[in-house]
$ cat structure34.pdb   # PDB, N, CA and C atoms
MODEL        1
ATOM      1  N   MET P   1     123.455  46.997  51.619
ATOM      2  CA  MET P   1     122.558  47.307  50.521
ATOM      3  C   MET P   1     121.141  46.816  50.821
ATOM      4  N   GLU P   2     121.036  45.617  51.331
ATOM      5  CA  GLU P   2     119.710  45.055  51.574
ATOM      6  C   GLU P   2     118.955  45.807  52.657
ATOM      7  N   GLN P   3     119.654  46.268  53.685
ATOM      8  CA  GLN P   3     118.995  46.938  54.803
ATOM      9  C   GLN P   3     118.811  48.432  54.598
ATOM     10  N   HIS P   4     119.761  49.083  53.886
ATOM     11  CA  HIS P   4     119.728  50.547  53.818
ATOM     12  C   HIS P   4     119.713  51.106  52.397
ATOM     13  N   GLY P   5     119.917  50.294  51.392
ATOM     14  CA  GLY P   5     120.008  50.791  50.027
ATOM     15  C   GLY P   5     118.648  50.805  49.354
ATOM     16  N   PRO P   6     118.574  51.195  48.125
ATOM     17  CA  PRO P   6     119.678  51.708  47.322
ATOM     18  C   PRO P   6     120.064  53.128  47.735
ATOM     19  N   PHE P   7     121.225  53.565  47.256
ATOM     20  CA  PHE P   7     121.748  54.879  47.617
ATOM     21  C   PHE P   7     121.772  55.798  46.402
ATOM     22  N   ASP P   8     121.892  57.084  46.663
ATOM     23  CA  ASP P   8     121.983  58.065  45.581
ATOM     24  C   ASP P   8     123.396  58.155  45.028
ATOM     25  N   VAL P   9     124.387  57.908  45.881
ATOM     26  CA  VAL P   9     125.800  58.008  45.516
ATOM     27  C   VAL P   9     126.517  56.782  46.062
ATOM     28  N   TYR P  10     127.439  56.266  45.276
ATOM     29  CA  TYR P  10     128.280  55.149  45.723
ATOM     30  C   TYR P  10     129.729  55.604  45.655
ATOM     31  N   CYS P  11     130.479  55.334  46.685
ATOM     32  CA  CYS P  11     131.899  55.678  46.729
ATOM     33  C   CYS P  11     132.676  54.373  46.868
ATOM     34  N   LEU P  12     133.455  54.047  45.860
ATOM     35  CA  LEU P  12     134.154  52.767  45.816
ATOM     36  C   LEU P  12     135.662  52.983  45.739
ATOM     37  N   ASP P  13     136.386  52.064  46.354
ATOM     38  CA  ASP P  13     137.843  52.084  46.303
ATOM     39  C   ASP P  13     138.283  50.876  45.499
ATOM     40  N   TYR P  14     139.215  51.081  44.606
ATOM     41  CA  TYR P  14     139.689  49.979  43.778
ATOM     42  C   TYR P  14     140.602  49.047  44.566
ATOM     43  N   ASP P  15     141.484  49.609  45.361
ATOM     44  CA  ASP P  15     142.481  48.828  46.081
ATOM     45  C   ASP P  15     142.099  48.643  47.534
ATOM     46  N   ASP P  16     142.169  47.421  47.963
ATOM     47  CA  ASP P  16     142.015  47.087  49.371
ATOM     48  C   ASP P  16     142.931  45.902  49.600
ATOM     49  N   ALA P  17     144.016  46.126  50.324
ATOM     50  CA  ALA P  17     145.040  45.090  50.494
ATOM     51  C   ALA P  17     144.465  43.799  51.071
ATOM     52  N   GLN P  18     143.416  43.918  51.873
ATOM     53  CA  GLN P  18     142.840  42.734  52.495
ATOM     54  C   GLN P  18     141.864  41.999  51.575
ATOM     55  N   ALA P  19     141.398  42.632  50.535
ATOM     56  CA  ALA P  19     140.370  42.011  49.688
ATOM     57  C   ALA P  19     140.657  42.275  48.218
ATOM     58  N   GLN P  20     141.738  41.721  47.701
ATOM     59  CA  GLN P  20     142.051  41.930  46.299
ATOM     60  C   GLN P  20     140.935  41.357  45.442
ATOM     61  N   GLY P  21     140.498  42.144  44.497
ATOM     62  CA  GLY P  21     139.399  41.732  43.642
ATOM     63  C   GLY P  21     138.033  42.011  44.245
ATOM     64  N   GLY P  22     138.005  42.437  45.499
ATOM     65  CA  GLY P  22     136.747  42.722  46.173
ATOM     66  C   GLY P  22     135.971  43.846  45.523
ATOM     67  N   TRP P  23     136.666  44.722  44.842
ATOM     68  CA  TRP P  23     135.997  45.840  44.180
ATOM     69  C   TRP P  23     135.006  45.329  43.139
ATOM     70  N   PHE P  24     135.385  44.273  42.415
ATOM     71  CA  PHE P  24     134.510  43.757  41.371
ATOM     72  C   PHE P  24     133.260  43.133  41.986
ATOM     73  N   GLU P  25     133.436  42.395  43.054
ATOM     74  CA  GLU P  25     132.303  41.772  43.735
ATOM     75  C   GLU P  25     131.361  42.845  44.288
ATOM     76  N   ALA P  26     131.929  43.881  44.900
ATOM     77  CA  ALA P  26     131.104  44.970  45.441
ATOM     78  C   ALA P  26     130.324  45.655  44.317
ATOM     79  N   ALA P  27     130.984  45.922  43.215
ATOM     80  CA  ALA P  27     130.322  46.570  42.081
ATOM     81  C   ALA P  27     129.216  45.688  41.520
ATOM     82  N   ARG P  28     129.469  44.397  41.437
ATOM     83  CA  ARG P  28     128.472  43.455  40.937
ATOM     84  C   ARG P  28     127.224  43.448  41.822
ATOM     85  N   ILE P  29     127.441  43.462  43.130
ATOM     86  CA  ILE P  29     126.316  43.483  44.071
ATOM     87  C   ILE P  29     125.513  44.777  43.921
ATOM     88  N   ILE P  30     126.208  45.884  43.796
ATOM     89  CA  ILE P  30     125.520  47.169  43.618
ATOM     90  C   ILE P  30     124.671  47.133  42.352
ATOM     91  N   ARG P  31     125.258  46.687  41.244
ATOM     92  CA  ARG P  31     124.510  46.641  39.973
ATOM     93  C   ARG P  31     123.314  45.701  40.058
ATOM     94  N   GLN P  32     123.462  44.572  40.756
ATOM     95  CA  GLN P  32     122.356  43.628  40.879
ATOM     96  C   GLN P  32     121.225  44.192  41.729
ATOM     97  N   GLN P  33     121.581  44.811  42.845
ATOM     98  CA  GLN P  33     120.563  45.269  43.785
ATOM     99  C   GLN P  33     120.042  46.659  43.469
ATOM    100  N   ASP P  34     120.765  47.396  42.654
ATOM    101  CA  ASP P  34     120.322  48.734  42.261
ATOM    102  C   ASP P  34     120.606  48.932  40.776
ATOM    103  N   PRO P  35     119.724  48.441  39.896
ATOM    104  CA  PRO P  35     119.950  48.569  38.462
ATOM    105  C   PRO P  35     120.124  50.017  38.006
ATOM    106  N   TYR P  36     119.548  50.955  38.752
ATOM    107  CA  TYR P  36     119.675  52.371  38.395
ATOM    108  C   TYR P  36     121.059  52.931  38.712
ATOM    109  N   SER P  37     121.881  52.155  39.396
ATOM    110  CA  SER P  37     123.224  52.627  39.747
ATOM    111  C   SER P  37     124.062  52.930  38.504
ATOM    112  N   ILE P  38     123.694  52.339  37.375
ATOM    113  CA  ILE P  38     124.456  52.587  36.150
ATOM    114  C   ILE P  38     124.426  54.070  35.759
ATOM    115  N   ALA P  39     123.396  54.780  36.181
ATOM    116  CA  ALA P  39     123.262  56.195  35.833
ATOM    117  C   ALA P  39     123.447  57.118  37.041
ATOM    118  N   LYS P  40     123.750  56.548  38.196
ATOM    119  CA  LYS P  40     123.943  57.363  39.403
ATOM    120  C   LYS P  40     125.400  57.769  39.539
ATOM    121  N   THR P  41     125.666  58.620  40.502
ATOM    122  CA  THR P  41     127.031  59.033  40.762
ATOM    123  C   THR P  41     127.773  57.912  41.474
ATOM    124  N   VAL P  42     128.788  57.430  40.821
ATOM    125  CA  VAL P  42     129.672  56.433  41.407
ATOM    126  C   VAL P  42     131.047  57.076  41.439
ATOM    127  N   LEU P  43     131.529  57.332  42.634
ATOM    128  CA  LEU P  43     132.828  57.973  42.823
ATOM    129  C   LEU P  43     133.855  56.896  43.112
ATOM    130  N   ILE P  44     134.853  56.810  42.274
ATOM    131  CA  ILE P  44     135.909  55.815  42.430
ATOM    132  C   ILE P  44     137.147  56.551  42.911
ATOM    133  N   HIS P  45     137.621  56.212  44.073
ATOM    134  CA  HIS P  45     138.836  56.868  44.548
ATOM    135  C   HIS P  45     139.951  55.847  44.624
ATOM    136  N   SER P  46     141.037  56.177  43.954
ATOM    137  CA  SER P  46     142.180  55.282  43.907
ATOM    138  C   SER P  46     143.355  56.010  43.287
ATOM    139  N   ALA P  47     144.536  55.605  43.679
ATOM    140  CA  ALA P  47     145.744  56.102  43.024
ATOM    141  C   ALA P  47     146.195  55.124  41.944
ATOM    142  N   ASN P  48     145.474  54.030  41.790
ATOM    143  CA  ASN P  48     145.829  52.988  40.841
ATOM    144  C   ASN P  48     145.140  53.268  39.512
ATOM    145  N   ILE P  49     145.925  53.431  38.473
ATOM    146  CA  ILE P  49     145.377  53.744  37.151
ATOM    147  C   ILE P  49     144.448  52.623  36.658
ATOM    148  N   GLU P  50     144.643  51.405  37.150
ATOM    149  CA  GLU P  50     143.808  50.282  36.736
ATOM    150  C   GLU P  50     142.381  50.394  37.276
ATOM    151  N   ALA P  51     142.143  51.341  38.164
ATOM    152  CA  ALA P  51     140.794  51.545  38.694
ATOM    153  C   ALA P  51     139.823  51.949  37.594
ATOM    154  N   ARG P  52     140.329  52.343  36.459
ATOM    155  CA  ARG P  52     139.450  52.690  35.341
ATOM    156  C   ARG P  52     138.634  51.489  34.866
ATOM    157  N   ALA P  53     138.985  50.293  35.352
ATOM    158  CA  ALA P  53     138.203  49.092  35.024
ATOM    159  C   ALA P  53     136.773  49.223  35.515
ATOM    160  N   TYR P  54     136.542  50.079  36.498
ATOM    161  CA  TYR P  54     135.181  50.311  36.977
ATOM    162  C   TYR P  54     134.270  50.828  35.869
ATOM    163  N   TYR P  55     134.839  51.510  34.887
ATOM    164  CA  TYR P  55     134.017  52.061  33.810
ATOM    165  C   TYR P  55     133.286  50.965  33.033
ATOM    166  N   ASP P  56     133.822  49.760  33.065
ATOM    167  CA  ASP P  56     133.128  48.647  32.402
ATOM    168  C   ASP P  56     131.807  48.336  33.098
ATOM    169  N   ILE P  57     131.746  48.600  34.400
ATOM    170  CA  ILE P  57     130.558  48.301  35.192
ATOM    171  C   ILE P  57     129.684  49.547  35.365
ATOM    172  N   PHE P  58     130.349  50.688  35.568
ATOM    173  CA  PHE P  58     129.655  51.969  35.760
ATOM    174  C   PHE P  58     130.205  52.974  34.745
ATOM    175  N   PRO P  59     129.663  53.006  33.528
ATOM    176  CA  PRO P  59     130.209  53.867  32.473
ATOM    177  C   PRO P  59     130.196  55.361  32.816
ATOM    178  N   ALA P  60     129.302  55.791  33.686
ATOM    179  CA  ALA P  60     129.221  57.217  34.027
ATOM    180  C   ALA P  60     129.969  57.549  35.321
ATOM    181  N   ALA P  61     130.794  56.636  35.776
ATOM    182  CA  ALA P  61     131.499  56.838  37.045
ATOM    183  C   ALA P  61     132.470  58.018  36.976
ATOM    184  N   ILE P  62     132.791  58.528  38.135
ATOM    185  CA  ILE P  62     133.778  59.600  38.281
ATOM    186  C   ILE P  62     134.995  58.991  38.962
ATOM    187  N   HIS P  63     136.134  59.052  38.301
ATOM    188  CA  HIS P  63     137.370  58.509  38.868
ATOM    189  C   HIS P  63     138.181  59.674  39.423
ATOM    190  N   ILE P  64     138.512  59.600  40.695
ATOM    191  CA  ILE P  64     139.294  60.651  41.320
ATOM    192  C   ILE P  64     140.457  60.006  42.059
ATOM    193  N   GLN P  65     141.634  60.549  41.839
ATOM    194  CA  GLN P  65     142.814  60.012  42.510
ATOM    195  C   GLN P  65     142.654  60.099  44.016
ATOM    196  N   TRP P  66     143.140  59.078  44.724
ATOM    197  CA  TRP P  66     143.016  59.037  46.183
ATOM    198  C   TRP P  66     143.623  60.277  46.825
ATOM    199  N   TYR P  67     144.788  60.719  46.360
ATOM    200  CA  TYR P  67     145.439  61.867  46.988
ATOM    201  C   TYR P  67     144.601  63.137  46.835
ATOM    202  N   VAL P  68     143.936  63.259  45.715
ATOM    203  CA  VAL P  68     143.068  64.426  45.504
ATOM    204  C   VAL P  68     141.854  64.348  46.424
ATOM    205  N   LEU P  69     141.234  63.184  46.518
ATOM    206  CA  LEU P  69     140.091  63.026  47.420
ATOM    207  C   LEU P  69     140.503  63.302  48.865
ATOM    208  N   ALA P  70     141.633  62.763  49.284
ATOM    209  CA  ALA P  70     142.107  62.990  50.654
ATOM    210  C   ALA P  70     142.324  64.479  50.907
ATOM    211  N   THR P  71     142.886  65.176  49.941
ATOM    212  CA  THR P  71     143.107  66.617  50.084
ATOM    213  C   THR P  71     141.775  67.356  50.182
ATOM    214  N   MET P  72     140.804  66.961  49.357
ATOM    215  CA  MET P  72     139.484  67.599  49.410
ATOM    216  C   MET P  72     138.822  67.386  50.764
ATOM    217  N   LEU P  73     139.095  66.245  51.392
ATOM    218  CA  LEU P  73     138.516  65.933  52.689
ATOM    219  C   LEU P  73     139.373  66.481  53.837
ATOM    220  N   ASP P  74     140.348  67.315  53.501
ATOM    221  CA  ASP P  74     141.222  67.998  54.457
ATOM    222  C   ASP P  74     142.229  67.065  55.128
ATOM    223  N   PHE P  75     142.578  65.998  54.441
ATOM    224  CA  PHE P  75     143.688  65.153  54.849
ATOM    225  C   PHE P  75     144.756  65.350  53.788
ATOM    226  N   GLN P  76     145.397  66.508  53.826
ATOM    227  CA  GLN P  76     146.260  66.912  52.722
ATOM    228  C   GLN P  76     147.375  65.908  52.484
ATOM    229  N   ARG P  77     147.399  65.389  51.271
ATOM    230  CA  ARG P  77     148.420  64.449  50.835
ATOM    231  C   ARG P  77     149.261  65.065  49.717
ATOM    232  N   ILE P  78     148.709  66.054  49.050
ATOM    233  CA  ILE P  78     149.418  66.692  47.948
ATOM    234  C   ILE P  78     149.738  68.124  48.350
ATOM    235  N   SER P  79     151.011  68.430  48.401
ATOM    236  CA  SER P  79     151.396  69.789  48.743
ATOM    237  C   SER P  79     151.609  70.588  47.460
ATOM    238  N   ASP P  80     151.537  71.905  47.593
ATOM    239  CA  ASP P  80     151.785  72.767  46.439
ATOM    240  C   ASP P  80     153.192  72.537  45.896
ATOM    241  N   SER P  81     154.138  72.309  46.791
ATOM    242  CA  SER P  81     155.528  72.108  46.334
ATOM    243  C   SER P  81     155.650  70.810  45.525
ATOM    244  N   LEU P  82     154.923  69.764  45.911
ATOM    245  CA  LEU P  82     154.959  68.515  45.138
ATOM    246  C   LEU P  82     154.368  68.744  43.754
ATOM    247  N   ILE P  83     153.244  69.435  43.681
ATOM    248  CA  ILE P  83     152.618  69.723  42.379
ATOM    249  C   ILE P  83     153.558  70.543  41.500
ATOM    250  N   GLU P  84     154.176  71.575  42.076
ATOM    251  CA  GLU P  84     155.098  72.416  41.317
ATOM    252  C   GLU P  84     156.286  71.608  40.799
ATOM    253  N   GLU P  85     156.797  70.702  41.626
ATOM    254  CA  GLU P  85     157.930  69.866  41.214
ATOM    255  C   GLU P  85     157.537  68.931  40.072
ATOM    256  N   VAL P  86     156.359  68.334  40.145
ATOM    257  CA  VAL P  86     155.890  67.445  39.077
ATOM    258  C   VAL P  86     155.712  68.229  37.783
ATOM    259  N   VAL P  87     155.079  69.389  37.872
ATOM    260  CA  VAL P  87     154.875  70.218  36.679
ATOM    261  C   VAL P  87     156.215  70.607  36.068
ATOM    262  N   GLU P  88     157.164  70.984  36.892
ATOM    263  CA  GLU P  88     158.475  71.401  36.400
ATOM    264  C   GLU P  88     159.215  70.263  35.702
ATOM    265  N   ARG P  89     159.085  69.053  36.233
ATOM    266  CA  ARG P  89     159.822  67.905  35.693
ATOM    267  C   ARG P  89     159.071  67.157  34.596
ATOM    268  N   SER P  90     157.783  67.364  34.460
ATOM    269  CA  SER P  90     156.997  66.545  33.535
ATOM    270  C   SER P  90     157.113  67.024  32.099
ATOM    271  N   ASP P  91     156.667  66.176  31.242
ATOM    272  CA  ASP P  91     156.732  66.397  29.802
ATOM    273  C   ASP P  91     155.405  65.929  29.216
ATOM    274  N   ILE P  92     154.942  66.554  28.165
ATOM    275  CA  ILE P  92     153.660  66.220  27.552
ATOM    276  C   ILE P  92     153.617  64.760  27.090
ATOM    277  N   THR P  93     154.783  64.170  26.825
ATOM    278  CA  THR P  93     154.837  62.793  26.328
ATOM    279  C   THR P  93     154.803  61.754  27.442
ATOM    280  N   TYR P  94     154.798  62.189  28.702
ATOM    281  CA  TYR P  94     154.796  61.229  29.809
ATOM    282  C   TYR P  94     153.501  60.432  29.835
ATOM    283  N   THR P  95     153.640  59.158  30.103
ATOM    284  CA  THR P  95     152.471  58.298  30.282
ATOM    285  C   THR P  95     152.013  58.414  31.738
ATOM    286  N   PRO P  96     150.797  57.953  32.049
ATOM    287  CA  PRO P  96     150.378  57.953  33.455
ATOM    288  C   PRO P  96     151.364  57.200  34.353
ATOM    289  N   GLN P  97     151.931  56.101  33.837
ATOM    290  CA  GLN P  97     152.888  55.329  34.623
ATOM    291  C   GLN P  97     154.161  56.139  34.893
ATOM    292  N   ASP P  98     154.616  56.931  33.900
ATOM    293  CA  ASP P  98     155.779  57.795  34.099
ATOM    294  C   ASP P  98     155.522  58.794  35.220
ATOM    295  N   LEU P  99     154.332  59.395  35.212
ATOM    296  CA  LEU P  99     153.993  60.383  36.233
ATOM    297  C   LEU P  99     153.887  59.737  37.614
ATOM    298  N   ILE P 100     153.308  58.551  37.675
ATOM    299  CA  ILE P 100     153.193  57.851  38.959
ATOM    300  C   ILE P 100     154.576  57.569  39.528
ATOM    301  N   LYS P 101     155.484  57.068  38.700
ATOM    302  CA  LYS P 101     156.850  56.784  39.158
ATOM    303  C   LYS P 101     157.538  58.053  39.639
ATOM    304  N   MET P 102     157.343  59.148  38.906
ATOM    305  CA  MET P 102     157.974  60.397  39.294
ATOM    306  C   MET P 102     157.456  60.874  40.644
ATOM    307  N   VAL P 103     156.151  60.861  40.835
ATOM    308  CA  VAL P 103     155.557  61.321  42.091
ATOM    309  C   VAL P 103     156.016  60.436  43.241
ATOM    310  N   GLU P 104     156.026  59.122  43.023
ATOM    311  CA  GLU P 104     156.493  58.216  44.083
ATOM    312  C   GLU P 104     157.938  58.517  44.451
ATOM    313  N   GLY P 105     158.774  58.766  43.435
ATOM    314  CA  GLY P 105     160.169  59.115  43.692
ATOM    315  C   GLY P 105     160.321  60.414  44.456
ATOM    316  N   LEU P 106     159.520  61.412  44.092
ATOM    317  CA  LEU P 106     159.574  62.696  44.787
ATOM    318  C   LEU P 106     159.111  62.556  46.234
ATOM    319  N   GLN P 107     158.082  61.743  46.458
ATOM    320  CA  GLN P 107     157.594  61.541  47.818
ATOM    321  C   GLN P 107     158.592  60.815  48.688
ATOM    322  N   GLU P 108     159.418  59.972  48.058
ATOM    323  CA  GLU P 108     160.444  59.251  48.792
ATOM    324  C   GLU P 108     161.723  60.074  48.914
ATOM    325  N   GLY P 109     161.723  61.259  48.329
ATOM    326  CA  GLY P 109     162.873  62.159  48.446
ATOM    327  C   GLY P 109     163.964  61.913  47.433
ATOM    328  N   GLN P 110     163.640  61.275  46.325
ATOM    329  CA  GLN P 110     164.646  61.000  45.288
ATOM    330  C   GLN P 110     164.761  62.150  44.320
TER     331      GLN P 110
ENDMDL
END
$ encode --input "structure34.pdb" --output "structure tokens"
Amino acid sequence: MEQHGPFDVYCLDYDDAQAQGGWFEAARIIRQQDPYSIAKTVLIHSANIEARAYYDIFPAAIHIQWYVLATMLDFQRISDSLIEEVVERSDITYTPQDLIKMVEGLQEGQ
């Protein structure tokens, strides 16, 4: 940030196995060094529903599931057959956690 920022777009990941909680520190640094970041495009990519915590720091952020971002970048993680299976098995009353468990089960072949 100090050498090359501020930036027009920030892309942040909520989960990093090596730096748990690092997302908050990174967001704090961005907000401190670029006060205008609150109104800029902040793309949050994660499969973790808790990544919505970024909205507390960047209210205008865009949250996109990691699998969707990977597919958009041509690293296909979501197949049409997986989507069709989820749609077929899902119910309007399912919570995000229900859907996550179902997708994980389908990916593991259950």
$ resolve_selection --input "structure34.pdb" --expression "the PyMOL selection byres ((chain P and resi 60) around 6.5)" --output "ChimeraX atom specification"
/P:38-42,55,57-59,61-62
$ atom_distance --input "structure34.pdb" --atom1 "atom C of His4 (chain P)" --atom2 "atom N of Leu43 (chain P)"
16.5 Å
$ atom_distance --input "structure34.pdb" --atom1 "atom C of Ile44 (chain P)" --atom2 "atom C of Gln65 (chain P)"
6.6 Å
$ closest_residue --input "structure34.pdb" --among "P:Phe75, P:Tyr14, P:Tyr67, P:Tyr36" --to "Ala53 (chain P)" --atoms "only C-alpha atoms"
P:Tyr14
$ atom_distance --input "structure34.pdb" --atom1 "CA of Ile100 (chain P)" --atom2 "CA of Asp13 (chain P)"
18.0 Å
$ closest_residue --input "structure34.pdb" --among "P:His45, P:Phe24, P:Leu99, P:Arg89" --to "Met72 (chain P)" --atoms "only C-alpha atoms"
P:His45
$ select_by_dssp --input "structure34.pdb" --residues "chain P" --states "strand (DSSP E)" --output "list in words"
Val9, Tyr10, Cys11, Leu12, Asp13, Thr41, Val42, Leu43, Ile44, His45, Ile62, His63 and Ile64 of chain P
$ closest_residue --input "structure34.pdb" --among "P:Gln33, P:Glu84, P:Glu104, P:Pro96" --to "Glu2 (chain P)" --atoms "all atoms listed in the file"
P:Gln33
$ closest_residue --input "structure34.pdb" --among "P:Ile92, P:Met102, P:Val86, P:Leu12" --to "Ala51 (chain P)" --atoms "only C-alpha atoms"
P:Leu12
$ select_by_dssp --input "structure34.pdb" --residues "region 1-109 of chain P" --states "helix (DSSP H, G or I)" --output "number ranges by chain"
P: 22-33, 35-39, 49-56, 66-72, 80-89, 96-107
